[in-house]
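Peer 1: Please find one structure pasted underneath; my questions will follow.
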Amino acid sequence: KKPLGRKAYGHIPHLPESRIGPGDHKCSTGQARICTEKVRDKNDLIIVQEKLDGSCVAVARRDDKILALNRSGYLAQTSPYEHHQLFSAWVRENEGRFYGTLENGERLCGEWLALAHGTRYNLPHEPFVAFDLMREGVRMPYFKFKERLGEKFIIPRVIHVGGPLSIEAMLNILEPSGHGAIDPVEGAVWRVERKAEVDFLAKWVRQGKIDGRYLPEVSG
């Protein structure tokens, strides 16, 4: 069973010209325009962050217990994959940090980089990078999220804050990675906030990127 009765994290839609994988979908034309060309008005704020390439996971506080989950929402300790087992063990070792960060009903979503998937990293920090704090389907706005985490967790490198950022402009500032990627950085994520609430997210992934290229079941 899924302890939250739902997925821990959904899929972010892609911007135009982003590489689309199985099960992926594109954002609307209007959303793409807001991200890369023109905002609706002064109430739009756009934050662009480096996209990380690992395993999407989450840590939830439910009934005052700390739960390590995979993206689908199942307990990581029940996964057949070793990197999920490692994540579950790491969460148990760091329970105090999560109790000090999460309120009941919240979950911290992030990327688990203990195993190379499609990008290799020489990590300058621990293998968990937190990118969203959520309650049900609602995301915490970026600056409130950053304040809540403080120095307790690593978050994705921010490459832009303000108005729209074109894909061309993003590529000019994407490298070098803020997380030690030794392969080309996979892409970036646009967070569009409006009146201090998260409106939508969109992402761009470079063409030619092969999902899981370093996993043994893919590469041998």
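Letters A, B, ... mark the chains of the structure tokens in the order given; residue numbers begin at 1 per chain; ligand numbers begin at 1, in order shown.
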Write out as a Markdown table the residues of segment 3-108 of chain A that have any atom within 10 Å of an atom of segment 172-192 of chain A, one row each with the nearest atom pair and its distance in Å to one decimal, counting only C-alpha atoms, sorted by chain and then rising number.
Peer 2:
| residue | atom | partner | partner_atom | distance |
| --- | --- | --- | --- | --- |
| A:Ile12 | CA | A:Val189 | CA | 8.6 |
| A:Pro13 | CA | A:Val189 | CA | 9.8 |
| A:His14 | CA | A:Val189 | CA | 9.1 |
| A:Leu15 | CA | A:Trp190 | CA | 9.3 |
| A:Ser18 | CA | A:Gly187 | CA | 8.8 |
| A:Arg19 | CA | A:Gly187 | CA | 9.8 |
| A:Gln31 | CA | A:Val192 | CA | 9.0 |
| A:Ala32 | CA | A:Trp190 | CA | 9.6 |
| A:Ile34 | CA | A:Val192 | CA | 8.2 |
| A:Cys35 | CA | A:Trp190 | CA | 6.6 |
| A:Thr36 | CA | A:Trp190 | CA | 9.0 |
| A:Val39 | CA | A:Val192 | CA | 9.5 |
| A:Asp44 | CA | A:Val192 | CA | 6.8 |
| A:Leu45 | CA | A:Val192 | CA | 5.8 |
| A:Ile46 | CA | A:Val192 | CA | 4.7 |
| A:Ile47 | CA | A:Arg191 | CA | 5.1 |
| A:Val48 | CA | A:Trp190 | CA | 4.5 |
| A:Gln49 | CA | A:Val189 | CA | 5.3 |
| A:Glu50 | CA | A:Ala188 | CA | 4.6 |
| A:Lys51 | CA | A:Ala188 | CA | 4.4 |
| A:Leu52 | CA | A:Glu186 | CA | 6.9 |
| A:Asp53 | CA | A:Glu186 | CA | 6.8 |
Peer 1: Write a file of the just-selected residues containing C-alpha atoms, as a PDB file, in the first residue's frame.
Peer 2:
ATOM      1  CA  ILE A  12       6.847  17.981 -14.582  1.00  0.00           C
ATOM      2  CA  PRO A  13       5.707  18.936 -18.114  1.00  0.00           C
ATOM      3  CA  HIS A  14       8.300  19.806 -20.753  1.00  0.00           C
ATOM      4  CA  LEU A  15       8.992  23.077 -22.548  1.00  0.00           C
ATOM      5  CA  SER A  18      12.867  19.560 -24.645  1.00  0.00           C
ATOM      6  CA  ARG A  19      13.633  15.868 -25.092  1.00  0.00           C
ATOM      7  CA  GLN A  31       2.921  28.359 -19.946  1.00  0.00           C
ATOM      8  CA  ALA A  32       5.984  28.058 -22.193  1.00  0.00           C
ATOM      9  CA  ILE A  34       5.450  32.809 -19.518  1.00  0.00           C
ATOM     10  CA  CYS A  35       8.597  30.817 -18.711  1.00  0.00           C
ATOM     11  CA  THR A  36      10.739  31.896 -21.638  1.00  0.00           C
ATOM     12  CA  VAL A  39       5.177  37.150 -17.964  1.00  0.00           C
ATOM     13  CA  ASP A  44       4.750  36.543 -11.877  1.00  0.00           C
ATOM     14  CA  LEU A  45       8.098  35.420 -10.437  1.00  0.00           C
ATOM     15  CA  ILE A  46      10.252  32.870 -12.217  1.00  0.00           C
ATOM     16  CA  ILE A  47      12.971  30.799 -10.557  1.00  0.00           C
ATOM     17  CA  VAL A  48      15.133  28.572 -12.757  1.00  0.00           C
ATOM     18  CA  GLN A  49      17.192  25.775 -11.196  1.00  0.00           C
ATOM     19  CA  GLU A  50      19.639  23.159 -12.369  1.00  0.00           C
ATOM     20  CA  LYS A  51      17.870  19.864 -13.064  1.00  0.00           C
ATOM     21  CA  LEU A  52      19.373  16.874 -11.289  1.00  0.00           C
ATOM     22  CA  ASP A  53      19.516  13.346 -12.647  1.00  0.00           C
TER      23      ASP A  53
END
Peer 1: Extract the full set of strand (DSSP E) residues from segment 3-205 of chain A according to DSSP on the backbone, and format it as number ranges by chain.
Peer 2: A: 44-51, 55-62, 65-70, 106-112, 128-135, 138-139, 158-162, 187-194, 197-205
Peer 1: Closest to Arg97 of chain A among A:Phe153, A:Phe200, A:Tyr9, A:Phe143, using only C-alpha atoms?
Peer 2: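 Residue with the minimum atom-to-atom distance to Arg97 of chain A: A:Phe153.
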Peer 1: Which neighbours of Arg107 of chain A fall inside 7 Å, counting only C-alpha atoms, when residues of the same chain fewer than 2 positions from it are skipped, and could you give them as a PyMOL selection string?
Peer 2: chain A and resi 58-61+102+105+109+133-135
Peer 1: Looking at only C-alpha atoms, which of A:Asn43, A:Ser88, A:Ser55, A:Ser79 is the one that sits closest to Leu67 of chain A?
Peer 2: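 So, comparing all the options, the nearest one is A:Ser88.
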Peer 1: Can you list, as number ranges by chain, all residues belonging to segment 18-126 of chain A that DSSP tags as helix (DSSP H, G or I)?
Peer 2: A: 29-36, 76-78, 82-93, 95-99
Peer 1: With distances taken over only C-alpha atoms, which of A:Cys56, A:Val138, A:Ala196, A:Leu201 is nearest to Lys26 of chain A?
Peer 2: A:Leu201
Peer 1: Which polymer residues have any atom within 12 Å of an atom of Lys144 of chain A, counting only C-alpha atoms, with same-chain residues fewer than 5 positions away left out, as a list of chain:residue names?
Peer 2: A:Asp132, A:Leu133, A:Met134, A:Arg139, A:Leu149, A:Gly150, A:Glu193, A:Ala196, A:Glu197, A:Val198
Peer 1: Have a look at A:Gly23, A:Gly5, A:Gly10, A:Pro216 and name the one nearest to His117 of chain A; count only C-alpha atoms.
Peer 2: A:Pro216
Peer 1: Quick check, in Å to one decimal: how far apart do atom CA of Met140 of chain A and atom CA of Leu115 of chain A lie?
Peer 2: 27.7 Å
